[in-house]
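Asker: What follows is protein-v9.pdb; its format and atoms are PDB, C-alpha atoms.
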ATOM      1  CA  MET A   1      11.966   1.817  16.142
ATOM      2  CA  THR A   2      10.042   3.897  18.657
ATOM      3  CA  PRO A   3       6.417   2.936  19.305
ATOM      4  CA  ILE A   4       4.244   6.069  19.280
ATOM      5  CA  ALA A   5       0.572   5.554  20.042
ATOM      6  CA  GLY A   6       0.933   1.927  18.982
ATOM      7  CA  TRP A   7       2.727   2.635  15.692
ATOM      8  CA  ASN A   8       6.407   1.874  15.114
ATOM      9  CA  THR A   9       8.266   4.963  13.986
ATOM     10  CA  ASP A  10      11.851   5.625  13.001
ATOM     11  CA  PRO A  11      13.101   9.081  14.078
ATOM     12  CA  ARG A  12      15.581   9.059  11.211
ATOM     13  CA  LEU A  13      12.878   8.630   8.571
ATOM     14  CA  ASP A  14       9.603   9.805  10.108
ATOM     15  CA  LEU A  15       8.051  13.084  11.184
ATOM     16  CA  VAL A  16       5.517  13.061  14.006
ATOM     17  CA  LEU A  17       3.010  15.666  15.154
ATOM     18  CA  GLN A  18       1.246  14.741  18.391
ATOM     19  CA  ARG A  19      -1.206  16.991  20.224
ATOM     20  CA  GLU A  20      -4.079  16.741  22.640
ATOM     21  CA  ILE A  21      -7.067  18.599  21.267
ATOM     22  CA  GLU A  22     -10.338  19.386  23.016
ATOM     23  CA  VAL A  23     -12.719  18.005  20.442
ATOM     24  CA  PRO A  24     -14.136  14.456  20.219
ATOM     25  CA  ARG A  25     -12.419  12.041  17.873
ATOM     26  CA  GLU A  26     -15.661  11.174  16.038
ATOM     27  CA  LEU A  27     -15.714  14.746  14.674
ATOM     28  CA  VAL A  28     -11.993  14.706  13.892
ATOM     29  CA  TRP A  29     -12.641  11.524  11.908
ATOM     30  CA  ALA A  30     -15.498  13.226  10.031
ATOM     31  CA  ALA A  31     -13.231  16.196   9.232
ATOM     32  CA  TRP A  32     -10.613  13.829   7.767
ATOM     33  CA  THR A  33     -12.969  11.633   5.763
ATOM     34  CA  GLN A  34     -15.695  13.854   4.278
ATOM     35  CA  PRO A  35     -14.587  16.031   1.340
ATOM     36  CA  GLU A  36     -16.866  18.968   2.243
ATOM     37  CA  HIS A  37     -15.168  19.156   5.646
ATOM     38  CA  LEU A  38     -11.626  18.362   4.533
ATOM     39  CA  ARG A  39     -11.621  21.154   1.963
ATOM     40  CA  GLN A  40     -12.122  23.683   4.764
ATOM     41  CA  TRP A  41      -9.087  22.852   6.911
ATOM     42  CA  PHE A  42      -6.595  20.655   5.020
ATOM     43  CA  THR A  43      -4.264  23.352   3.692
ATOM     44  CA  PRO A  44      -2.843  26.087   5.917
ATOM     45  CA  ALA A  45      -4.390  29.398   4.797
ATOM     46  CA  PRO A  46      -3.957  31.201   2.440
ATOM     47  CA  TRP A  47      -3.555  27.912   0.528
ATOM     48  CA  LYS A  48      -6.824  26.329  -0.540
ATOM     49  CA  VAL A  49      -8.185  22.952  -1.612
ATOM     50  CA  SER A  50      -9.888  23.135  -5.023
ATOM     51  CA  ASP A  51     -10.718  19.469  -5.314
ATOM     52  CA  CYS A  52     -11.046  16.492  -2.985
ATOM     53  CA  GLU A  53     -12.035  12.936  -3.818
ATOM     54  CA  ILE A  54     -12.404  10.258  -1.144
ATOM     55  CA  ASP A  55     -13.301   6.587  -1.517
ATOM     56  CA  LEU A  56     -12.936   5.456   2.063
ATOM     57  CA  ARG A  57     -11.735   1.857   1.791
ATOM     58  CA  PRO A  58      -8.358   0.138   1.396
ATOM     59  CA  GLY A  59      -7.276   0.707  -2.199
ATOM     60  CA  GLY A  60      -9.762   3.579  -2.595
ATOM     61  CA  VAL A  61      -8.782   6.982  -3.933
ATOM     62  CA  PHE A  62      -7.630   9.851  -1.737
ATOM     63  CA  HIS A  63      -7.054  12.765  -4.065
ATOM     64  CA  THR A  64      -6.674  16.434  -3.235
ATOM     65  CA  THR A  65      -5.683  19.437  -5.282
ATOM     66  CA  MET A  66      -4.010  22.213  -3.311
ATOM     67  CA  VAL A  67      -3.961  25.756  -4.665
ATOM     68  CA  SER A  68      -1.222  28.232  -3.789
ATOM     69  CA  PRO A  69      -1.989  31.888  -2.992
ATOM     70  CA  GLU A  70      -0.807  32.639  -6.566
ATOM     71  CA  GLY A  71      -3.375  30.207  -7.965
ATOM     72  CA  GLU A  72      -1.014  27.399  -8.907
ATOM     73  CA  GLU A  73      -2.539  23.923  -8.533
ATOM     74  CA  PHE A  74      -0.750  20.990  -6.877
ATOM     75  CA  PRO A  75      -2.600  17.698  -7.300
ATOM     76  CA  ASN A  76      -1.887  14.858  -4.860
ATOM     77  CA  ALA A  77      -2.996  11.365  -5.819
ATOM     78  CA  GLY A  78      -2.907   8.411  -3.498
ATOM     79  CA  CYS A  79      -4.889   5.656  -1.910
ATOM     80  CA  TYR A  80      -6.031   4.501   1.484
ATOM     81  CA  LEU A  81      -4.367   1.494   3.090
ATOM     82  CA  GLU A  82      -6.214   1.167   6.407
ATOM     83  CA  VAL A  83      -9.538   2.626   7.467
ATOM     84  CA  VAL A  84     -10.540   1.979  11.100
ATOM     85  CA  PRO A  85     -13.379   4.443  11.806
ATOM     86  CA  THR A  86     -12.600   7.043  14.522
ATOM     87  CA  GLU A  87      -9.263   5.334  15.296
ATOM     88  CA  ARG A  88      -6.830   4.976  12.454
ATOM     89  CA  LEU A  89      -6.439   6.233   8.900
ATOM     90  CA  VAL A  90      -3.462   5.227   6.754
ATOM     91  CA  PHE A  91      -2.862   6.488   3.225
ATOM     92  CA  THR A  92       0.061   6.746   0.821
ATOM     93  CA  ASP A  93       1.107   8.463  -2.384
ATOM     94  CA  ALA A  94       3.396   5.501  -3.174
ATOM     95  CA  LEU A  95       0.335   3.748  -4.596
ATOM     96  CA  LEU A  96      -2.419   5.049  -6.835
ATOM     97  CA  PRO A  97      -6.036   3.922  -6.346
ATOM     98  CA  GLY A  98      -6.280   0.145  -6.813
ATOM     99  CA  TYR A  99      -2.713  -0.157  -5.399
ATOM    100  CA  ARG A 100      -0.834   0.586  -8.636
ATOM    101  CA  PRO A 101       2.743   1.762  -7.863
ATOM    102  CA  ALA A 102       3.007   5.543  -8.325
ATOM    103  CA  GLU A 103       5.627   7.410 -10.339
ATOM    104  CA  GLN A 104       6.576   9.863  -7.597
ATOM    105  CA  PRO A 105       6.269   8.231  -4.186
ATOM    106  CA  PHE A 106       6.962  10.539  -1.271
ATOM    107  CA  MET A 107       5.252   9.418   1.922
ATOM    108  CA  THR A 108       2.810   7.263   3.797
ATOM    109  CA  ALA A 109       0.717   9.091   6.397
ATOM    110  CA  VAL A 110      -0.795   7.593   9.543
ATOM    111  CA  ILE A 111      -3.467   9.439  11.543
ATOM    112  CA  LEU A 112      -4.142   7.964  14.991
ATOM    113  CA  LEU A 113      -6.983   9.162  17.220
ATOM    114  CA  GLU A 114      -7.309   8.207  20.882
ATOM    115  CA  ALA A 115     -10.163   9.364  23.129
ATOM    116  CA  ILE A 116      -8.841  11.327  26.127
ATOM    117  CA  GLY A 117     -11.896  12.262  28.225
ATOM    118  CA  THR A 118     -14.070  14.291  25.851
ATOM    119  CA  GLY A 119     -11.035  15.242  23.768
ATOM    120  CA  THR A 120      -8.580  13.471  21.516
ATOM    121  CA  ARG A 121      -4.916  12.589  21.473
ATOM    122  CA  TYR A 122      -4.115  13.307  17.845
ATOM    123  CA  THR A 123      -1.040  11.722  16.249
ATOM    124  CA  ALA A 124      -0.005  12.341  12.652
ATOM    125  CA  ILE A 125       2.988  10.399  11.310
ATOM    126  CA  ALA A 126       4.639  10.985   7.936
ATOM    127  CA  MET A 127       6.816   8.020   6.907
ATOM    128  CA  HIS A 128       9.521   8.470   4.253
ATOM    129  CA  ARG A 129      11.731   6.094   2.336
ATOM    130  CA  ASP A 130      15.005   7.841   3.160
ATOM    131  CA  GLU A 131      16.510  10.600   5.289
ATOM    132  CA  GLU A 132      16.636  12.958   2.339
ATOM    133  CA  SER A 133      12.853  12.806   1.855
ATOM    134  CA  ARG A 134      12.307  13.274   5.588
ATOM    135  CA  LYS A 135      14.590  16.335   5.627
ATOM    136  CA  GLN A 136      12.934  17.733   2.524
ATOM    137  CA  HIS A 137       9.519  17.383   4.181
ATOM    138  CA  GLU A 138      10.867  18.993   7.343
ATOM    139  CA  GLU A 139      12.226  21.939   5.337
ATOM    140  CA  MET A 140       8.908  22.260   3.475
ATOM    141  CA  GLY A 141       7.533  23.084   6.933
ATOM    142  CA  PHE A 142       5.869  19.841   8.046
ATOM    143  CA  MET A 143       5.518  20.844  11.718
ATOM    144  CA  GLU A 144       4.227  24.343  11.050
ATOM    145  CA  GLY A 145       2.018  23.269   8.139
ATOM    146  CA  TRP A 146       0.435  20.210   9.694
ATOM    147  CA  GLY A 147       0.169  22.095  13.013
ATOM    148  CA  LYS A 148      -1.630  25.040  11.445
ATOM    149  CA  ALA A 149      -3.930  22.723   9.472
ATOM    150  CA  LEU A 150      -4.786  20.918  12.715
ATOM    151  CA  GLU A 151      -5.697  24.232  14.346
ATOM    152  CA  GLN A 152      -7.999  24.905  11.394
ATOM    153  CA  LEU A 153      -9.491  21.409  11.799
ATOM    154  CA  VAL A 154     -10.208  22.063  15.489
ATOM    155  CA  ALA A 155     -11.794  25.445  14.699
ATOM    156  CA  LEU A 156     -13.980  23.808  12.034
ATOM    157  CA  VAL A 157     -15.015  20.926  14.292
ATOM    158  CA  ARG A 158     -16.127  23.404  16.976
ATOM    159  CA  THR A 159     -18.757  24.659  14.497
ATOM    160  CA  MET A 160     -20.025  21.168  13.647
TER     161      MET A 160
ATOM    162  CA  MET B   1      -9.713  -0.628 -17.683
ATOM    163  CA  THR B   2     -10.673  -4.251 -18.248
ATOM    164  CA  PRO B   3     -12.283  -6.077 -15.348
ATOM    165  CA  ILE B   4     -10.663  -9.515 -14.927
ATOM    166  CA  ALA B   5     -12.106 -11.746 -12.216
ATOM    167  CA  GLY B   6     -13.459  -8.626 -10.482
ATOM    168  CA  TRP B   7     -10.206  -6.637 -10.624
ATOM    169  CA  ASN B   8      -9.694  -3.631 -12.907
ATOM    170  CA  THR B   9      -6.659  -4.110 -15.100
ATOM    171  CA  ASP B  10      -4.963  -1.928 -17.693
ATOM    172  CA  PRO B  11      -3.524  -3.950 -20.608
ATOM    173  CA  ARG B  12      -0.945  -1.202 -21.173
ATOM    174  CA  LEU B  13       0.465  -1.487 -17.642
ATOM    175  CA  ASP B  14      -0.484  -4.921 -16.321
ATOM    176  CA  LEU B  15       0.460  -8.533 -16.964
ATOM    177  CA  VAL B  16      -2.117 -11.230 -16.319
ATOM    178  CA  LEU B  17      -1.768 -15.008 -15.998
ATOM    179  CA  GLN B  18      -5.100 -16.820 -15.768
ATOM    180  CA  ARG B  19      -5.509 -20.601 -15.666
ATOM    181  CA  GLU B  20      -7.948 -23.199 -14.459
ATOM    182  CA  ILE B  21      -6.175 -25.710 -12.250
ATOM    183  CA  GLU B  22      -7.512 -28.957 -10.847
ATOM    184  CA  VAL B  23      -6.692 -28.405  -7.199
ATOM    185  CA  PRO B  24      -8.906 -26.788  -4.542
ATOM    186  CA  ARG B  25      -8.329 -23.140  -3.775
ATOM    187  CA  GLU B  26      -7.893 -23.788  -0.021
ATOM    188  CA  LEU B  27      -4.651 -25.634  -0.812
ATOM    189  CA  VAL B  28      -3.542 -22.996  -3.334
ATOM    190  CA  TRP B  29      -4.038 -20.448  -0.565
ATOM    191  CA  ALA B  30      -1.952 -22.562   1.826
ATOM    192  CA  ALA B  31       0.812 -22.829  -0.790
ATOM    193  CA  TRP B  32       0.881 -19.028  -1.154
ATOM    194  CA  THR B  33       0.751 -18.153   2.534
ATOM    195  CA  GLN B  34       2.873 -20.701   4.443
ATOM    196  CA  PRO B  35       6.653 -20.270   4.065
ATOM    197  CA  GLU B  36       7.417 -24.009   4.186
ATOM    198  CA  HIS B  37       5.127 -24.521   1.182
ATOM    199  CA  LEU B  38       6.026 -21.356  -0.722
ATOM    200  CA  ARG B  39       9.735 -22.146  -0.664
ATOM    201  CA  GLN B  40       9.039 -25.330  -2.649
ATOM    202  CA  TRP B  41       7.304 -23.800  -5.669
ATOM    203  CA  PHE B  42       7.777 -20.014  -5.801
ATOM    204  CA  THR B  43      10.805 -19.864  -8.120
ATOM    205  CA  PRO B  44      10.958 -21.782 -11.399
ATOM    206  CA  ALA B  45      13.637 -24.485 -11.050
ATOM    207  CA  PRO B  46      16.630 -24.438 -11.026
ATOM    208  CA  TRP B  47      16.160 -21.174  -9.088
ATOM    209  CA  LYS B  48      15.534 -21.668  -5.367
ATOM    210  CA  VAL B  49      14.102 -19.777  -2.401
ATOM    211  CA  SER B  50      16.634 -19.533   0.443
ATOM    212  CA  ASP B  51      14.487 -17.442   2.761
ATOM    213  CA  CYS B  52      10.800 -16.608   3.140
ATOM    214  CA  GLU B  53       9.128 -14.458   5.774
ATOM    215  CA  ILE B  54       5.365 -14.012   5.922
ATOM    216  CA  ASP B  55       3.281 -11.932   8.323
ATOM    217  CA  LEU B  56      -0.142 -12.430   6.814
ATOM    218  CA  ARG B  57      -1.964  -9.164   7.498
ATOM    219  CA  PRO B  58      -2.224  -5.779   5.782
ATOM    220  CA  GLY B  59       1.077  -4.004   6.406
ATOM    221  CA  GLY B  60       2.793  -7.280   7.326
ATOM    222  CA  VAL B  61       6.050  -8.424   5.781
ATOM    223  CA  PHE B  62       6.264 -10.572   2.659
ATOM    224  CA  HIS B  63       9.941 -11.200   2.104
ATOM    225  CA  THR B  64      11.600 -13.788  -0.111
ATOM    226  CA  THR B  65      15.179 -14.355  -1.175
ATOM    227  CA  MET B  66      15.590 -16.027  -4.552
ATOM    228  CA  VAL B  67      18.816 -17.823  -5.419
ATOM    229  CA  SER B  68      20.042 -18.175  -8.997
ATOM    230  CA  PRO B  69      21.553 -21.437 -10.285
ATOM    231  CA  GLU B  70      24.958 -19.730  -9.835
ATOM    232  CA  GLY B  71      24.177 -19.079  -6.158
ATOM    233  CA  GLU B  72      23.548 -15.349  -6.400
ATOM    234  CA  GLU B  73      20.908 -14.102  -3.930
ATOM    235  CA  PHE B  74      18.082 -11.723  -4.891
ATOM    236  CA  PRO B  75      16.119 -10.474  -1.884
ATOM    237  CA  ASN B  76      12.588  -9.134  -2.415
ATOM    238  CA  ALA B  77      11.034  -7.052   0.343
ATOM    239  CA  GLY B  78       7.442  -5.992   0.405
ATOM    240  CA  CYS B  79       4.227  -5.976   2.350
ATOM    241  CA  TYR B  80       0.721  -7.326   2.116
ATOM    242  CA  LEU B  81      -2.131  -4.958   1.310
ATOM    243  CA  GLU B  82      -5.178  -7.240   1.310
ATOM    244  CA  VAL B  83      -5.586 -10.693   2.796
ATOM    245  CA  VAL B  84      -8.946 -12.387   2.135
ATOM    246  CA  PRO B  85      -8.402 -16.084   2.989
ATOM    247  CA  THR B  86      -8.803 -18.481   0.024
ATOM    248  CA  GLU B  87      -9.978 -15.614  -2.234
ATOM    249  CA  ARG B  88      -7.627 -12.693  -2.632
ATOM    250  CA  LEU B  89      -4.047 -11.823  -1.785
ATOM    251  CA  VAL B  90      -2.568  -8.431  -2.670
ATOM    252  CA  PHE B  91       1.042  -7.439  -1.996
ATOM    253  CA  THR B  92       3.481  -4.842  -3.241
ATOM    254  CA  ASP B  93       7.169  -4.004  -3.262
ATOM    255  CA  ALA B  94       6.315  -0.299  -3.441
ATOM    256  CA  LEU B  95       5.896  -0.388   0.336
ATOM    257  CA  LEU B  96       8.039  -2.024   2.991
ATOM    258  CA  PRO B  97       6.447  -3.683   6.041
ATOM    259  CA  GLY B  98       4.478  -1.096   8.020
ATOM    260  CA  TYR B  99       3.697   0.703   4.714
ATOM    261  CA  ARG B 100       6.951   2.696   4.448
ATOM    262  CA  PRO B 101       7.579   3.778   0.818
ATOM    263  CA  ALA B 102      10.283   1.590  -0.731
ATOM    264  CA  GLU B 103      13.373   2.769  -2.599
ATOM    265  CA  GLN B 104      12.889   0.547  -5.659
ATOM    266  CA  PRO B 105       9.178   0.051  -6.338
ATOM    267  CA  PHE B 106       8.434  -2.293  -9.211
ATOM    268  CA  MET B 107       5.016  -3.914  -8.932
ATOM    269  CA  THR B 108       1.879  -4.743  -7.010
ATOM    270  CA  ALA B 109       0.675  -8.334  -7.354
ATOM    271  CA  VAL B 110      -2.908  -9.560  -7.041
ATOM    272  CA  ILE B 111      -3.714 -13.269  -6.672
ATOM    273  CA  LEU B 112      -7.393 -14.133  -7.169
ATOM    274  CA  LEU B 113      -8.799 -17.611  -6.502
ATOM    275  CA  GLU B 114     -12.278 -18.693  -7.589
ATOM    276  CA  ALA B 115     -13.712 -22.151  -6.878
ATOM    277  CA  ILE B 116     -14.651 -23.927 -10.139
ATOM    278  CA  GLY B 117     -16.157 -27.269  -9.127
ATOM    279  CA  THR B 118     -13.385 -28.972  -7.158
ATOM    280  CA  GLY B 119     -10.746 -26.907  -8.948
ATOM    281  CA  THR B 120      -9.722 -23.268  -9.055
ATOM    282  CA  ARG B 121      -9.712 -20.421 -11.527
ATOM    283  CA  TYR B 122      -6.325 -18.889 -10.745
ATOM    284  CA  THR B 123      -5.615 -15.290 -11.726
ATOM    285  CA  ALA B 124      -2.293 -13.556 -11.089
ATOM    286  CA  ILE B 125      -2.009  -9.874 -11.989
ATOM    287  CA  ALA B 126       1.205  -7.843 -11.916
ATOM    288  CA  MET B 127       0.510  -4.086 -11.905
ATOM    289  CA  HIS B 128       3.242  -1.646 -12.939
ATOM    290  CA  ARG B 129       3.619   2.112 -12.771
ATOM    291  CA  ASP B 130       4.510   2.600 -16.433
ATOM    292  CA  GLU B 131       4.753   0.766 -19.741
ATOM    293  CA  GLU B 132       8.523   0.493 -19.428
ATOM    294  CA  SER B 133       8.242  -1.526 -16.199
ATOM    295  CA  ARG B 134       5.563  -3.729 -17.740
ATOM    296  CA  LYS B 135       7.738  -4.395 -20.793
ATOM    297  CA  GLN B 136      10.760  -5.071 -18.613
ATOM    298  CA  HIS B 137       8.759  -7.624 -16.601
ATOM    299  CA  GLU B 138       7.493  -9.186 -19.820
ATOM    300  CA  GLU B 139      11.050  -9.509 -21.128
ATOM    301  CA  MET B 140      12.199 -10.973 -17.798
ATOM    302  CA  GLY B 141       9.819 -13.803 -18.694
ATOM    303  CA  PHE B 142       6.725 -13.105 -16.606
ATOM    304  CA  MET B 143       4.430 -15.530 -18.471
ATOM    305  CA  GLU B 144       6.917 -18.395 -18.598
ATOM    306  CA  GLY B 145       8.212 -17.821 -15.074
ATOM    307  CA  TRP B 146       4.885 -17.373 -13.313
ATOM    308  CA  GLY B 147       3.414 -20.187 -15.440
ATOM    309  CA  LYS B 148       6.186 -22.631 -14.530
ATOM    310  CA  ALA B 149       5.975 -21.639 -10.849
ATOM    311  CA  LEU B 150       2.222 -22.296 -10.957
ATOM    312  CA  GLU B 151       2.857 -25.769 -12.384
ATOM    313  CA  GLN B 152       5.235 -26.392  -9.472
ATOM    314  CA  LEU B 153       2.559 -25.129  -7.068
ATOM    315  CA  VAL B 154      -0.013 -27.539  -8.514
ATOM    316  CA  ALA B 155       2.454 -30.439  -8.315
ATOM    317  CA  LEU B 156       3.198 -29.579  -4.673
ATOM    318  CA  VAL B 157      -0.474 -29.208  -3.753
ATOM    319  CA  ARG B 158      -1.217 -32.679  -5.163
ATOM    320  CA  THR B 159       1.117 -34.096  -2.479
ATOM    321  CA  MET B 160      -0.544 -32.171   0.380
TER     322      MET B 160
END
Any chance you could put this one into structure tokens?
Answerer:
Amino acid sequence: MTPIAGWNTDPRLDLVLQREIEVPRELVWAAWTQPEHLRQWFTPAPWKVSDCEIDLRPGGVFHTTMVSPEGEEFPNAGCYLEVVPTERLVFTDALLPGYRPAEQPFMTAVILLEAIGTGTRYTAIAMHRDEESRKQHEEMGFMEGWGKALEQLVALVRTM
Amino acid sequence: MTPIAGWNTDPRLDLVLQREIEVPRELVWAAWTQPEHLRQWFTPAPWKVSDCEIDLRPGGVFHTTMVSPEGEEFPNAGCYLEVVPTERLVFTDALLPGYRPAEQPFMTAVILLEAIGTGTRYTAIAMHRDEESRKQHEEMGFMEGWGKALEQLVALVRTM
């Protein structure tokens, strides 16, 4: 296990995106936790978010529907596990809202925000159950996708 | 959804054991959360618990190893989701400690304790992902097994 920003990660099973961004973490938190903001940055363009539901408490729903450039919808259902305002957000698709085990578990995501001067050290961790899932996520373009989404988040936050 | 003791349940997917027991909930909580107690009641005799690890916080380990009368070991790994002392304990085997998705998710369990005079209204809910898992758990003897374990818990608590 490698501790990254206070979270134990396993390089064999996890993917990590860490960047320092020049926007305050309070606004990054708002972008992650308010549907009207999240819809604007969450999917790398030209993908869109058609629906977003957030109940920001452990066991509460985190649901998004992503739409491909061709118009195909991809719903993602999950629930929050930890909510520490401006610091830490943990959610998973292994559990539905109310903690019911899900049919198609894929990952748990951890978003860690640390204040660095007026900016933020941003760490996003995707945890998988096996190497195959990690590789699959890597091949789906985790680094490029989550990186591009983060750039969109920063651009949005600059307008807030 | 049917609310039972403040928790939404789905009769199609969940199993519920609810009983009023004549021991205070503080001791029931201790029996559920301290390994030296849990080992004494958790498996209906003649099954035994050979190992129990508890890190009582969201994301912390809840691991038990059950031993059949023939000596075969059955390890169960999972993690806690909610820990509200003397009131509510939620854990799942859909996530390993640290919230990593598990390979073989089966259920999330919710233990609810309400003070009724000097006794306790005890509610145990097992939530499954589909009807097949619920039926399987029913056929494994959920009601008898969890009921007998609860009787062992009450007997233990009377000696505390």
Asker: Could you work out which residues of chain A fall inside 9 Å of chain B? Count only C-alpha atoms, and format the result as number ranges by chain.
Answerer: A: 7-8, 58-59, 81-82, 90-96, 98-103, 105-108, 127-130
Asker: Could you list the residues chosen by the PyMOL selection byres ((chain A and resi 20) around 7) in this structure as a list of chain:residue names?
Answerer: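 The output of the PyMOL selection byres ((chain A and resi 20) around 7) on this file is A:Arg19, A:Ile21, A:Glu22, A:Thr120, A:Arg121, A:Tyr122.
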Asker: Let me know the residues the PyMOL selection byres ((chain B and resi 75) around 8) catches in the file above, as a list in words.
Answerer: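 Those residues are His63, Thr64, Thr65, Met66, Glu73, Phe74, Asn76 and Ala77 of chain B.
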Asker: Please list, as a list in words, the residues that have an atom at most 9 Å away from (-15.5, 13.0, 21.4) in the coordinates of this file, counting only C-alpha atoms.
Answerer: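 Here the neighbourhood of the point contains Glu22, Val23, Pro24, Arg25, Glu26, Leu27, Val28, Ala115, Ile116, Gly117, Thr118, Gly119 and Thr120 of chain A.
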Asker: Here is a test: counting only C-alpha atoms, which residue of B:Ala31, B:Ala5, B:Val83, B:Leu15 is nearest to Leu150 in chain B?
Answerer: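 Counting only C-alpha atoms, the residue closest to Leu150 in chain B is B:Ala31.
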Asker: Mind giving me the straight-line distance from CA of Glu72 in chain B to CA of Trp29 in chain B in Å, one decimal?
Answerer: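 Between these atoms lies a distance of 28.7 Å.
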Asker: Take the PyMOL selection byres ((chain B and resi 46) around 12), apply it to the structure above, and return the hits as JSON, numbers by chain.
Answerer: {"B": [40, 41, 42, 43, 44, 45, 47, 48, 49, 66, 67, 68, 69, 70, 71, 145, 148, 149, 152]}
Asker: Taking all atoms listed in the file into account, which of B:Met140, B:Ala155, B:Met160, B:Leu112 comes nearest Gly6 in chain B?
Answerer: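 That would be B:Leu112, the residue with the smallest distance to Gly6 in chain B.
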Asker: Kindly give the distance, in Å, that separates CA of Met143 in chain A and CA of Asp51 in chain A, rounded to a single decimal.
Answerer: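 Going from CA of Met143 in chain A over to CA of Asp51 in chain A covers 23.6 Å.
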Asker: For a test of reading the model, state the distance in Å between CA of Cys52 in chain B and CA of Val157 in chain B, rounded to one decimal.
Answerer: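 Calculated distance between CA of Cys52 in chain B and CA of Val157 in chain B is 18.3 Å.
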Asker: Could you check the closest approach to Trp32 in chain A for each of A:Ile125, A:Ile4, A:Leu153, A:Val84 and tell me which residue wins, using all atoms listed in the file?
Answerer: A:Leu153
Asker: For a quick check of understanding, using only C-alpha atoms, which of B:Thr86, B:Trp146, B:Thr2, B:Arg12 has the smallest distance to Arg134 in chain B?
Answerer: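 So, comparing all the options, the nearest one is B:Arg12.
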Asker: If we count all atoms listed in the file and set the cut-off at 6 Å, which residues sit around Ala124 in chain B, ignoring sequence neighbours fewer than 6 positions away in its own chain? Please answer as a PyMOL selection string.
Answerer: chain B and resi 16-17+110-111
